[in-house]
>>> print(open('work13.txt').read())   # compact mmCIF, C-alpha atoms
# COMPACT_ATOMS: atom_id res chain seq x y z
CA MET J 1374 91.79 121.54 85.44
CA ASN J 1375 90.53 118.28 83.93
CA LYS J 1376 88.36 118.51 80.84
CA ILE J 1377 85.47 116.06 80.81
CA ALA J 1378 83.25 114.75 78.03
CA ILE J 1379 80.03 112.92 78.85
CA ALA J 1380 78.16 110.39 76.71
CA GLU J 1381 74.87 109.38 78.31
CA PRO J 1382 71.57 108.71 76.53
CA SER J 1383 69.28 109.96 79.29
CA TYR J 1384 68.64 113.70 79.20
CA ILE J 1385 68.02 113.88 82.93
CA LEU J 1386 71.13 111.96 83.87
CA ARG J 1387 73.35 113.76 81.40
CA ASN J 1388 72.35 117.20 82.55
CA GLY J 1389 72.24 116.18 86.19
CA LEU J 1390 75.79 114.89 86.01
CA CYS J 1391 76.93 118.01 84.17
CA SER J 1392 75.61 120.33 86.82
CA LEU J 1393 77.01 118.17 89.62
CA LEU J 1394 80.45 118.09 88.02
CA ASN J 1395 80.39 121.82 87.51
CA GLU J 1396 80.27 122.18 91.28
CA LEU J 1397 83.77 120.73 91.38
CA PRO J 1398 86.42 123.40 90.84
CA GLU J 1399 88.99 120.93 89.50
CA VAL J 1400 86.95 119.78 86.51
CA GLU J 1401 85.17 121.32 83.56
CA VAL J 1402 82.56 119.59 81.39
CA ILE J 1403 83.42 120.61 77.86
CA PHE J 1404 81.07 118.36 75.90
CA SER J 1405 78.05 116.17 76.45
CA THR J 1406 76.07 114.06 74.06
CA ASP J 1407 73.44 111.33 73.93
CA ASN J 1408 75.03 109.31 71.13
CA LEU J 1409 78.27 107.74 70.03
CA ASN J 1410 78.43 109.27 66.56
CA ALA J 1411 78.54 112.79 67.91
CA LEU J 1412 81.16 111.68 70.41
CA TYR J 1413 83.41 110.08 67.78
CA ALA J 1414 83.02 113.13 65.56
CA ARG J 1415 84.09 115.63 68.17
CA ILE J 1416 86.37 113.87 70.60
CA SER J 1417 89.70 114.25 68.76
CA ALA J 1418 89.21 117.97 68.34
CA LEU J 1419 88.03 118.52 71.91
CA HIS J 1420 90.74 116.43 73.51
CA PRO J 1421 89.09 115.80 76.86
CA ASP J 1422 91.14 114.29 79.70
CA ILE J 1423 88.28 112.15 80.91
CA LEU J 1424 85.35 110.53 79.14
CA ILE J 1425 82.37 109.50 81.25
CA ILE J 1426 80.34 107.07 79.19
CA ASN J 1427 77.35 104.82 79.75
CA PRO J 1428 78.31 101.29 78.61
CA LEU J 1429 74.77 100.84 77.29
CA LEU J 1430 75.82 103.10 74.41
CA PHE J 1431 78.11 100.47 72.97
CA ASP J 1432 78.40 96.72 72.91
CA TYR J 1433 80.19 96.44 76.21
CA THR J 1434 80.24 92.63 76.14
CA LYS J 1435 82.58 92.32 73.22
CA ARG J 1436 86.16 91.41 73.73
CA ALA J 1437 87.73 94.64 72.51
CA THR J 1438 87.30 97.21 75.26
CA ILE J 1439 85.97 100.74 74.88
CA ARG J 1440 89.53 101.93 75.44
CA ALA J 1441 90.52 100.44 72.08
CA GLU J 1442 88.00 102.73 70.37
CA PHE J 1443 90.08 105.71 71.41
CA ASP J 1444 93.51 104.54 70.37
CA GLN J 1445 94.31 107.92 68.94
CA LEU J 1446 93.89 109.46 72.40
CA PRO J 1447 96.31 107.53 74.58
CA ASN J 1448 95.92 109.93 77.51
CA LEU J 1449 92.15 109.73 77.65
CA ARG J 1450 90.81 108.11 80.79
CA ILE J 1451 87.43 106.44 80.57
CA ILE J 1452 84.97 106.25 83.43
CA GLY J 1453 81.84 104.08 83.15
CA LEU J 1454 78.51 105.59 84.12
CA ILE J 1455 76.68 102.51 85.37
CA THR J 1456 72.91 102.87 85.25
CA SER J 1457 71.83 99.25 85.13
CA TYR J 1458 73.25 95.92 86.19
CA ILE J 1459 76.50 95.20 84.38
CA GLU J 1460 78.72 92.27 85.34
CA SER J 1461 81.90 93.28 87.10
CA GLN J 1462 84.00 91.64 84.38
CA HIS J 1463 82.64 94.21 81.92
CA GLN J 1464 83.06 97.07 84.38
CA ARG J 1465 86.77 96.31 84.55
CA GLN J 1466 87.43 97.89 81.17
CA PHE J 1467 86.90 101.29 82.79
CA ALA J 1468 89.50 103.18 84.77
CA GLY J 1469 86.72 103.86 87.29
CA VAL J 1470 82.94 103.74 87.56
CA ILE J 1471 80.28 106.18 88.66
CA GLU J 1472 77.04 104.62 89.88
CA LEU J 1473 73.55 106.07 90.13
CA ASN J 1474 73.54 106.59 93.86
CA ASP J 1475 77.07 107.96 94.16
CA ASP J 1476 77.18 111.29 95.92
CA LEU J 1477 79.35 114.19 94.79
CA GLN J 1478 82.11 113.28 97.23
CA ARG J 1479 82.37 109.80 95.78
CA ILE J 1480 82.30 111.01 92.19
CA LYS J 1481 85.07 113.40 93.10
CA SER J 1482 87.21 110.65 94.59
CA THR J 1483 86.62 108.41 91.55
CA ILE J 1484 87.79 111.21 89.27
CA ASN J 1485 90.83 111.92 91.43
CA GLN J 1486 91.76 108.27 91.47
CA VAL J 1487 91.48 108.01 87.72
CA VAL J 1488 93.51 111.16 87.18
CA ASN J 1489 96.24 109.97 89.54
CA THR J 1490 96.66 106.49 88.07
CA PHE J 1491 96.81 108.23 84.74
CA GLN J 1492 99.83 110.22 85.81
CA SER J 1493 101.76 107.21 86.99
CA ASP J 1494 101.18 104.93 84.04
CA SER J 1495 101.35 107.53 81.30
CA ASP J 1496 105.11 107.43 81.67
CA GLU J 1497 106.96 104.74 79.81
CA PRO J 1498 107.74 101.89 82.19
CA ASP J 1499 111.20 102.46 83.52
CA THR J 1500 113.17 99.41 82.45
CA ASP J 1501 116.62 100.95 82.70
CA PRO J 1502 118.98 99.23 85.08
CA LEU J 1503 120.76 101.37 87.67
CA SER J 1504 123.14 103.89 86.11
CA ASP J 1505 126.82 103.88 87.08
CA ARG J 1506 126.29 106.92 89.27
CA GLU J 1507 123.32 105.31 91.00
CA LYS J 1508 125.43 102.21 91.61
CA GLU J 1509 128.13 104.36 93.21
CA VAL J 1510 125.55 105.99 95.48
CA LEU J 1511 124.17 102.56 96.35
CA ILE J 1512 127.63 101.28 97.24
CA CYS J 1513 128.16 104.26 99.56
CA LEU J 1514 124.74 103.68 101.16
CA SER J 1515 125.56 100.03 101.77
CA LYS J 1516 128.76 101.06 103.50
CA GLY J 1517 126.66 103.09 105.90
CA LEU J 1518 127.47 106.57 104.60
CA LYS J 1519 125.07 109.44 105.23
CA ASN J 1520 123.80 111.68 102.43
CA ASN J 1521 126.33 114.44 103.10
CA GLU J 1522 129.19 111.93 103.30
CA ILE J 1523 128.11 110.41 99.98
CA ALA J 1524 127.99 113.90 98.48
CA ASP J 1525 131.56 114.55 99.65
CA THR J 1526 132.87 111.19 98.47
CA LEU J 1527 131.37 111.46 94.98
CA ASN J 1528 131.85 115.19 94.74
CA ILE J 1529 128.18 115.93 94.05
CA SER J 1530 125.55 117.96 95.92
CA VAL J 1531 123.37 116.47 98.66
CA HIS J 1532 120.40 117.30 96.49
CA THR J 1533 121.80 115.14 93.69
CA VAL J 1534 122.43 112.31 96.15
CA ILE J 1535 118.78 112.45 97.17
CA THR J 1536 117.66 112.38 93.54
CA HIS J 1537 119.85 109.31 92.90
CA ARG J 1538 118.41 107.64 96.01
CA LYS J 1539 114.88 108.28 94.82
CA ASN J 1540 115.71 106.74 91.45
CA ILE J 1541 117.30 103.70 93.08
CA VAL J 1542 114.16 103.12 95.18
CA ARG J 1543 111.90 103.65 92.18
CA LYS J 1544 113.82 101.25 89.95
CA THR J 1545 114.43 98.47 92.44
CA GLY J 1546 111.20 98.81 94.45
CA ILE J 1547 113.34 98.48 97.57
CA LYS J 1548 113.13 101.14 100.27
CA SER J 1549 115.24 100.16 103.24
CA VAL J 1550 119.01 100.52 103.32
CA ALA J 1551 119.25 97.02 104.80
CA ALA J 1552 117.48 95.47 101.79
CA LEU J 1553 119.40 97.68 99.36
CA THR J 1554 122.61 96.36 100.89
CA VAL J 1555 121.42 92.80 100.22
CA TYR J 1556 120.70 93.91 96.65
CA ALA J 1557 124.21 95.36 96.30
CA ILE J 1558 125.84 92.15 97.50
CA LEU J 1559 123.60 89.91 95.36
CA ASN J 1560 124.66 91.96 92.36
CA ASN J 1561 128.31 91.85 93.35
CA LEU J 1562 128.52 95.63 93.69
CA ILE J 1563 130.18 95.23 97.05
CA GLU J 1564 131.70 92.48 99.13
CA GLU J 1565 130.20 91.51 102.41
CA LYS J 1566 133.40 92.51 104.20
CA ASP J 1567 132.93 96.12 103.04
CA ILE J 1568 129.84 96.54 105.18
CA ILE J 1569 130.27 97.88 108.63
CA MET K 482 87.70 92.20 95.83
CA ASN K 483 86.58 95.75 95.90
CA LEU K 484 83.07 96.92 96.39
CA SER K 485 81.73 100.36 95.98
CA SER K 486 80.13 101.77 99.10
CA ASN K 487 76.71 101.50 97.51
CA THR K 488 76.66 97.79 96.95
CA PRO K 489 74.68 96.14 99.72
CA LEU K 490 77.37 94.37 101.64
CA LEU K 491 77.52 91.33 103.82
CA SER K 492 74.52 90.97 106.04
CA PRO K 493 73.65 88.44 108.78
CA LYS K 494 71.28 86.64 106.44
CA ILE K 495 73.88 85.84 103.78
CA LYS K 496 75.22 82.30 103.74
CA MET K 497 78.73 82.17 105.12
CA ALA K 498 79.90 79.95 102.25
CA ASP K 499 78.59 82.46 99.68
CA ALA K 500 80.33 85.32 101.45
CA ILE K 501 83.66 83.47 101.48
CA ASN K 502 83.37 82.32 97.90
CA GLN K 503 83.01 85.94 96.96
CA TYR K 504 85.55 87.44 99.36
CA HIS K 505 88.30 84.92 99.88
CA SER K 506 90.15 87.03 102.39
CA LEU K 507 87.33 86.48 104.89
CA LEU K 508 88.76 83.01 105.28
CA THR K 509 91.61 84.38 107.37
CA ILE K 510 89.32 86.07 109.88
CA LEU K 511 87.20 83.00 110.73
CA PRO K 512 89.74 81.08 112.80
CA ARG K 513 90.65 84.29 114.64
CA LEU K 514 87.03 84.67 115.67
CA GLY K 515 86.76 81.01 116.59
CA ILE K 516 84.40 80.08 113.76
CA PRO K 517 85.48 76.68 112.35
CA LEU K 518 84.88 75.55 108.77
CA GLY K 519 82.42 72.82 107.82
CA PHE K 520 79.43 75.03 108.53
CA GLY K 521 77.22 73.70 105.73
CA GLU K 522 74.48 76.08 104.68
CA LYS K 523 74.46 78.27 107.79
CA SER K 524 74.20 82.02 107.53
CA ILE K 525 76.58 84.56 108.99
CA GLY K 526 74.01 85.39 111.67
CA GLN K 527 73.48 81.76 112.67
CA LEU K 528 77.21 81.08 112.90
CA CYS K 529 77.87 84.21 114.94
CA GLU K 530 75.19 83.18 117.40
CA GLU K 531 76.42 79.60 117.56
CA HIS K 532 79.99 80.64 118.29
CA ARG K 533 79.13 83.63 120.47
CA VAL K 534 80.68 86.17 118.17
CA SER K 535 79.03 89.57 118.07
CA GLU K 536 77.31 89.99 114.72
CA ALA K 537 78.21 93.68 114.68
CA LEU K 538 81.87 92.76 115.23
CA PHE K 539 81.86 90.20 112.44
CA LEU K 540 80.30 92.64 109.99
CA LEU K 541 82.60 95.48 110.98
CA ILE K 542 85.72 93.36 110.50
CA SER K 543 84.54 91.81 107.24
CA ARG K 544 83.68 95.19 105.81
CA VAL K 545 87.17 96.47 106.51
CA TYR K 546 88.45 93.34 104.76
CA CYS K 547 86.23 93.52 101.69
CA GLN K 548 85.79 97.20 101.12
CA ASP K 549 88.86 99.36 100.72
CA ASP K 550 86.99 102.59 101.20
CA TYR K 551 84.97 101.51 104.21
CA TYR K 552 84.89 103.83 107.20
CA PRO K 553 82.42 102.80 109.89
CA THR K 554 79.83 105.31 111.08
CA ALA K 555 79.72 106.42 114.70
CA ASN K 556 76.61 104.28 115.08
CA GLU K 557 78.32 101.16 113.76
CA LEU K 558 81.24 101.77 116.09
CA GLN K 559 79.02 102.10 119.11
CA GLN K 560 77.16 98.88 118.37
CA CYS K 561 80.33 96.90 118.43
CA PRO K 562 82.01 95.62 121.58
CA MET K 563 85.38 97.32 121.30
CA THR K 564 87.17 95.04 123.73
CA ASP K 565 86.34 92.21 121.29
CA ILE K 566 88.12 94.08 118.52
CA ILE K 567 91.20 94.34 120.68
CA GLN K 568 90.93 90.62 121.36
CA TYR K 569 90.65 90.02 117.62
CA LEU K 570 93.79 92.06 116.98
CA ILE K 571 95.70 90.14 119.65
CA THR K 572 94.56 86.84 118.13
CA SER K 573 95.73 88.11 114.72
CA HIS K 574 99.15 88.89 116.17
CA LYS K 575 99.31 85.34 117.48
CA ASP K 576 98.25 84.00 114.08
CA TYR K 577 101.02 85.98 112.35
CA LEU K 578 103.68 84.85 114.79
CA GLU K 579 102.61 81.23 115.19
CA ASN K 580 101.34 80.39 111.72
CA LYS K 581 101.92 82.89 108.95
CA LEU K 582 105.53 83.85 109.66
CA PRO K 583 106.80 80.32 110.41
CA HIS K 584 105.17 79.22 107.18
CA ILE K 585 107.04 81.88 105.23
CA GLU K 586 110.22 81.04 107.12
CA HIS K 587 109.89 77.42 106.10
CA HIS K 588 109.55 78.45 102.44
CA LEU K 589 112.50 80.79 102.76
CA ASN K 590 114.78 78.13 104.21
CA THR K 591 113.95 75.63 101.48
CA LEU K 592 114.32 78.33 98.87
CA LEU K 593 117.72 79.45 100.06
CA GLU K 594 119.05 75.89 100.34
CA PRO K 595 120.62 75.71 96.84
CA MET K 596 122.14 79.19 97.13
CA ASP K 597 125.71 80.12 97.87
CA LYS K 598 125.99 80.43 101.67
CA LYS K 599 127.50 83.87 101.25
CA TYR K 600 124.21 85.14 99.80
CA SER K 601 121.69 82.99 101.62
CA THR K 602 122.95 84.02 105.07
CA LEU K 603 122.46 87.61 104.06
CA ILE K 604 118.82 87.08 103.20
CA SER K 605 118.07 84.97 106.25
CA ASN K 606 119.62 87.66 108.42
CA PHE K 607 117.48 90.27 106.75
CA TYR K 608 114.42 88.15 107.42
CA ALA K 609 115.45 87.56 111.04
CA GLU K 610 115.74 91.32 111.59
CA PHE K 611 112.31 91.81 110.08
CA ARG K 612 110.83 89.16 112.31
CA LYS K 613 112.34 90.83 115.39
CA GLU K 614 110.83 94.16 114.34
CA VAL K 615 107.40 92.60 113.95
CA GLU K 616 107.61 90.95 117.36
CA LYS K 617 108.71 94.18 118.97
CA HIS K 618 105.86 96.09 117.37
CA PHE K 619 103.22 93.56 118.42
CA GLU K 620 104.60 93.49 121.93
CA TYR K 621 104.44 97.27 122.15
CA GLU K 622 100.80 97.24 121.09
CA GLU K 623 99.89 94.47 123.48
CA LYS K 624 101.79 95.80 126.47
CA VAL K 625 101.32 99.55 126.03
CA ILE K 626 98.59 100.54 123.62
CA PHE K 627 95.92 97.92 124.16
CA PRO K 628 95.98 98.07 127.97
CA TYR K 629 95.61 101.82 127.70
CA LEU K 630 92.68 101.47 125.33
CA ARG K 631 91.03 98.90 127.59
CA GLN K 632 91.43 101.29 130.46
CA ILE K 633 89.77 104.22 128.76
CA ILE K 634 87.05 101.97 127.41
CA SER K 635 86.23 100.58 130.84
CA GLU K 636 86.67 103.72 132.89
CA GLN K 637 86.08 106.07 130.04
CA GLU K 638 88.85 108.09 131.56
CA ALA K 639 92.51 108.21 130.72
CA THR K 640 95.33 108.32 133.19
CA GLU K 641 97.78 111.12 132.70
CA SER K 642 100.77 108.85 132.26
CA ALA K 643 99.46 106.96 129.25
CA THR K 644 100.51 108.62 126.05
CA TYR K 645 98.51 107.62 123.10
CA GLN K 646 99.32 108.82 119.65
CA LYS K 647 97.06 107.91 116.87
CA ASN K 648 99.87 108.00 114.35
CA THR K 649 101.81 105.30 116.11
CA PHE K 650 99.78 102.49 114.58
CA ASN K 651 100.01 103.78 111.12
CA GLN K 652 103.72 104.42 110.91
CA GLN K 653 104.78 101.10 112.35
CA HIS K 654 102.50 99.07 110.11
CA ASP K 655 103.80 100.95 107.12
CA ASP K 656 107.30 99.91 108.15
CA ILE K 657 106.31 96.27 108.37
CA GLU K 658 104.63 96.38 104.98
CA ASP K 659 107.62 98.19 103.46
CA THR K 660 110.04 95.56 104.71
CA LEU K 661 107.84 92.72 103.44
CA ASN K 662 107.71 94.52 100.14
CA ASP K 663 111.50 94.90 100.04
CA LEU K 664 111.91 91.21 100.70
CA SER K 665 109.40 90.24 97.99
CA ASN K 666 111.22 92.41 95.49
CA LEU K 667 114.58 90.85 96.35
CA LEU K 668 113.14 87.37 95.87
CA LEU K 669 111.15 88.29 92.78
CA LYS K 670 113.74 90.28 90.91
CA TYR K 671 117.26 89.68 92.07
CA ILE K 672 117.73 86.05 92.96
CA PRO K 673 119.00 84.06 89.96
CA ALA K 674 116.34 82.28 87.90
CA GLU K 675 117.56 78.78 88.66
CA ILE K 676 117.17 79.09 92.44
CA SER K 677 114.05 77.18 93.65
CA PRO K 678 111.60 78.44 91.02
CA VAL K 679 108.57 76.53 92.33
CA GLU K 680 109.17 77.29 95.98
CA ARG K 681 109.74 80.91 95.13
CA VAL K 682 106.34 81.40 93.52
CA ASP K 683 104.67 79.77 96.53
CA MET K 684 106.59 81.96 98.89
CA LEU K 685 105.80 85.15 96.99
CA LEU K 686 102.09 84.34 96.93
CA ASP K 687 102.18 83.79 100.68
CA MET K 688 104.04 87.03 101.20
CA TYR K 689 101.59 89.04 99.12
CA ALA K 690 98.72 87.49 101.08
CA LEU K 691 100.41 88.30 104.38
CA SER K 692 101.17 91.82 103.28
CA SER K 693 97.58 92.51 102.34
CA ASP K 694 96.35 90.93 105.58
CA ILE K 695 98.67 93.17 107.58
CA ALA K 696 97.36 96.16 105.63
CA LYS K 697 93.82 95.20 106.71
CA HIS K 698 95.04 94.75 110.24
CA ALA K 699 96.40 98.29 110.15
CA MET K 700 93.14 99.62 108.70
CA MET K 701 91.27 98.02 111.55
CA GLU K 702 93.33 99.99 114.02
CA ASP K 703 93.21 103.22 112.04
CA ARG K 704 89.58 103.11 111.02
CA ILE K 705 87.97 101.41 114.00
CA LEU K 706 90.05 101.78 117.14
CA VAL K 707 91.29 105.32 116.61
CA PRO K 708 87.88 106.83 115.71
CA TYR K 709 86.29 104.92 118.57
CA ILE K 710 88.73 106.38 121.07
CA GLN K 711 88.08 109.82 119.63
CA LEU K 712 84.38 109.21 120.05
CA LEU K 713 84.86 108.27 123.70
CA GLU K 714 87.06 111.27 124.26
CA SER K 715 84.64 113.69 122.68
CA LYS K 716 81.78 112.27 124.76
CA ARG K 717 83.78 112.73 127.90
CA HIS K 718 84.29 116.38 127.10
CA GLU K 719 80.59 116.99 126.70
>>> encode(input="work13.txt", output="structure tokens")
Amino acid sequence: MNKIAIAEPSYILRNGLCSLLNELPEVEVIFSTDNLNALYARISALHPDILIINPLLFDYTKRATIRAEFDQLPNLRIIGLITSYIESQHQRQFAGVIELNDDLQRIKSTINQVVNTFQSDSDEPDTDPLSDREKEVLICLSKGLKNNEIADTLNISVHTVITHRKNIVRKTGIKSVAALTVYAILNNLIEEKDII
Amino acid sequence: MNLSSNTPLLSPKIKMADAINQYHSLLTILPRLGIPLGFGEKSIGQLCEEHRVSEALFLLISRVYCQDDYYPTANELQQCPMTDIIQYLITSHKDYLENKLPHIEHHLNTLLEPMDKKYSTLISNFYAEFRKEVEKHFEYEEKVIFPYLRQIISEQEATESATYQKNTFNQQHDDIEDTLNDLSNLLLKYIPAEISPVERVDMLLDMYALSSDIAKHAMMEDRILVPYIQLLESKRHE
């Protein structure tokens, strides 16, 4: 369940959006307001996951983005509620935008998108190089061994082999065994003659 | 490059130059449709008429290119000559094989020049395998899938022998994109800094462009051809 706060000056829009969002089972509107002061006063205590805010409420043209206003809430995702023409360069400060003629389906997909990107980049970027174990798994892979053979060779479970493989792919960004083999040779983990 | 579905998109009255200045990727579709550059102030509609390209086709293709969340309506699909889309896809294949890939190959060869043979051979072999896969995939589409589609479009009736699976497109394009992605990562991350730095940036930019073009190519098949066939099939059952 994602908790949503809304900041929108228009009474009609604010309440309209609230009742639309309440039709979605995966979200709950926990707070709505027509002004920034009330928002700033309550937001830390309420801890919403998503803030839907009309950029007209703040000076959206300044260099510091709206995100910077909520430094103390690093997990908060901010969606712009666009009710008048705003240049795309200023819309970019939002994780997503809702526009006046969006239907519920589209609003839903915007929210999902925002929530999903949030999950991937909330983690610290993974800058670790491959661990020794991962290197061993990679060497086995390059030699053409199957998961169960790797498990036997390294004396670990197949499940663990799969976890190591996932980590290797995540860290290197390389999916195919052929390209991973090139990686292993470039990094002098194996010699070309070791490959079958 | 992304538009929300509410923004009024490309229309026949828009100037071609304005459209391209806004959506650069449209530039790749023009030669495939036989529309040359140097068109001055002409509109999309005027150019389509001049070069005998269906306006509906042009708009359908450009929307797939410019709008990530674009799915054509049944009406839009029916307005568009589907055999022309197949022709467009075949021309794209030709463009990949005759222009885009050789271009990348040229970069790759120059780039690998200063490298130890032991390593460079490895990467060129990897690329050669990739290229073979791409050719095989295109050939399969052109010899098996497209003829089948043409047949059901013209006769509106499928022969029993033709097996058409809508997932085929998707999976194979994913593989091509994955391999391109693997290769870009190798070049980006794991080749020593001193190896052809200038050439490498050029090559990576070309590869990213190719990869996104192939993604659009796949979308065209998944979002236009497949639903169109389903439409034909459902009509036939009525």
>>> residues_around(input="work13.txt", residues="segment 658-660 of chain K", least_positions_apart="6", cutoff="12 Å", atoms="only C-alpha atoms", output="count of residues only")
34
>>> closest_residue(input="work13.txt", among="K:Leu589, K:Leu661, K:Leu541, K:Val707", to="chain J", atoms="only C-alpha atoms")
K:Leu661
>>> closest_residue(input="work13.txt", among="K:Tyr671, K:Gly521, K:Thr564, K:Asp549", to="Pro1502 of chain J", atoms="only C-alpha atoms")
K:Tyr671
>>> residues_around(input="work13.txt", residues="Leu603 of chain K", least_positions_apart="4", cutoff="9 Å", atoms="all atoms listed in the file", output="list of chain:residue names")
J:Val1555, J:Ile1558, J:Glu1565, K:Lys598, K:Lys599, K:Phe607, K:Tyr608
>>> atom_distance(input="work13.txt", atom1="atom CA of Val534 of chain K", atom2="atom CA of Ile510 of chain K")
12.0 Å
>>> atom_distance(input="work13.txt", atom1="atom CA of Glu1472 of chain J", atom2="atom CA of Asn1388 of chain J")
15.3 Å
>>> atom_distance(input="work13.txt", atom1="atom CA of Glu622 of chain K", atom2="atom CA of Pro562 of chain K")
18.9 Å
>>> closest_residue(input="work13.txt", among="J:Ile1535, J:Ile1480, J:Val1488, J:Leu1527", to="chain K", atoms="all atoms listed in the file")
J:Ile1480
>>> residues_around(input="work13.txt", residues="Leu1518 of chain J", least_positions_apart="3", cutoff="12 Å", atoms="only C-alpha atoms", output="PDB file with C-alpha atoms, in the frame of the given file")
ATOM      1  CA  GLU J1509     128.130 104.360  93.210  1.00  0.00           C
ATOM      2  CA  VAL J1510     125.550 105.990  95.480  1.00  0.00           C
ATOM      3  CA  LEU J1511     124.170 102.560  96.350  1.00  0.00           C
ATOM      4  CA  ILE J1512     127.630 101.280  97.240  1.00  0.00           C
ATOM      5  CA  CYS J1513     128.160 104.260  99.560  1.00  0.00           C
ATOM      6  CA  LEU J1514     124.740 103.680 101.160  1.00  0.00           C
ATOM      7  CA  SER J1515     125.560 100.030 101.770  1.00  0.00           C
ATOM      8  CA  ASN J1521     126.330 114.440 103.100  1.00  0.00           C
ATOM      9  CA  GLU J1522     129.190 111.930 103.300  1.00  0.00           C
ATOM     10  CA  ILE J1523     128.110 110.410  99.980  1.00  0.00           C
ATOM     11  CA  ALA J1524     127.990 113.900  98.480  1.00  0.00           C
ATOM     12  CA  ASP J1525     131.560 114.550  99.650  1.00  0.00           C
ATOM     13  CA  THR J1526     132.870 111.190  98.470  1.00  0.00           C
ATOM     14  CA  LEU J1527     131.370 111.460  94.980  1.00  0.00           C
ATOM     15  CA  VAL J1534     122.430 112.310  96.150  1.00  0.00           C
ATOM     16  CA  VAL J1550     119.010 100.520 103.320  1.00  0.00           C
ATOM     17  CA  THR J1554     122.610  96.360 100.890  1.00  0.00           C
ATOM     18  CA  ASP J1567     132.930  96.120 103.040  1.00  0.00           C
ATOM     19  CA  ILE J1568     129.840  96.540 105.180  1.00  0.00           C
ATOM     20  CA  ILE J1569     130.270  97.880 108.630  1.00  0.00           C
TER      21      ILE J1569
END
>>> residues_around(input="work13.txt", residues="Ser1392 of chain J", least_positions_apart="3", cutoff="12 Å", atoms="only C-alpha atoms", output="list in words")
Ile1379, Ile1385, Leu1386, Arg1387, Asn1388, Gly1389, Asn1395, Glu1396, Leu1397, Pro1398, Val1400, Glu1401, Val1402, Ile1403, Ser1405 and Leu1477 of chain J
>>> closest_residue(input="work13.txt", among="K:Arg631, K:His587, K:Thr602, K:Leu686", to="chain J", atoms="all atoms listed in the file")
K:Thr602
>>> residues_around(input="work13.txt", residues="Asp1501 of chain J", least_positions_apart="6", cutoff="12 Å", atoms="only C-alpha atoms", output="tab-separated table (two decimals) with C-alpha atoms, in the frame of the given file")
chain	number	residue	atom	x	y	z
J	1507	GLU	CA	123.32	105.31	91.00
J	1540	ASN	CA	115.71	106.74	91.45
J	1541	ILE	CA	117.30	103.70	93.08
J	1543	ARG	CA	111.90	103.65	92.18
J	1544	LYS	CA	113.82	101.25	89.95
J	1545	THR	CA	114.43	98.47	92.44
>>> build_atoms(input="work13.txt", residues="segment 1532-1543 of chain J", atoms="N, CA and C atoms", output="PDB file, keeping the file's coordinate frame")
ATOM      1  N   HIS J1532     121.627 117.359  97.274  1.00  0.00           N
ATOM      2  CA  HIS J1532     120.400 117.300  96.490  1.00  0.00           C
ATOM      3  C   HIS J1532     120.480 116.214  95.409  1.00  0.00           C
ATOM      4  N   THR J1533     121.613 116.155  94.728  1.00  0.00           N
ATOM      5  CA  THR J1533     121.800 115.140  93.690  1.00  0.00           C
ATOM      6  C   THR J1533     121.806 113.724  94.296  1.00  0.00           C
ATOM      7  N   VAL J1534     122.429 113.615  95.475  1.00  0.00           N
ATOM      8  CA  VAL J1534     122.430 112.310  96.150  1.00  0.00           C
ATOM      9  C   VAL J1534     120.992 111.851  96.390  1.00  0.00           C
ATOM     10  N   ILE J1535     120.176 112.795  96.874  1.00  0.00           N
ATOM     11  CA  ILE J1535     118.780 112.450  97.170  1.00  0.00           C
ATOM     12  C   ILE J1535     118.035 112.028  95.908  1.00  0.00           C
ATOM     13  N   THR J1536     118.294 112.754  94.808  1.00  0.00           N
ATOM     14  CA  THR J1536     117.660 112.380  93.540  1.00  0.00           C
ATOM     15  C   THR J1536     118.076 110.957  93.130  1.00  0.00           C
ATOM     16  N   HIS J1537     119.387 110.659  93.242  1.00  0.00           N
ATOM     17  CA  HIS J1537     119.850 109.310  92.900  1.00  0.00           C
ATOM     18  C   HIS J1537     119.169 108.269  93.791  1.00  0.00           C
ATOM     19  N   ARG J1538     119.042 108.594  95.082  1.00  0.00           N
ATOM     20  CA  ARG J1538     118.410 107.640  96.010  1.00  0.00           C
ATOM     21  C   ARG J1538     116.974 107.377  95.615  1.00  0.00           C
ATOM     22  N   LYS J1539     116.280 108.450  95.250  1.00  0.00           N
ATOM     23  CA  LYS J1539     114.880 108.280  94.820  1.00  0.00           C
ATOM     24  C   LYS J1539     114.804 107.359  93.613  1.00  0.00           C
ATOM     25  N   ASN J1540     115.719 107.574  92.660  1.00  0.00           N
ATOM     26  CA  ASN J1540     115.710 106.740  91.450  1.00  0.00           C
ATOM     27  C   ASN J1540     116.028 105.280  91.768  1.00  0.00           C
ATOM     28  N   ILE J1541     116.953 105.080  92.703  1.00  0.00           N
ATOM     29  CA  ILE J1541     117.300 103.700  93.080  1.00  0.00           C
ATOM     30  C   ILE J1541     116.062 103.006  93.654  1.00  0.00           C
ATOM     31  N   VAL J1542     115.351 103.703  94.557  1.00  0.00           N
ATOM     32  CA  VAL J1542     114.160 103.120  95.180  1.00  0.00           C
ATOM     33  C   VAL J1542     113.087 102.858  94.121  1.00  0.00           C
ATOM     34  N   ARG J1543     112.926 103.796  93.204  1.00  0.00           N
ATOM     35  CA  ARG J1543     111.900 103.650  92.180  1.00  0.00           C
ATOM     36  C   ARG J1543     112.212 102.450  91.265  1.00  0.00           C
TER      37      ARG J1543
END
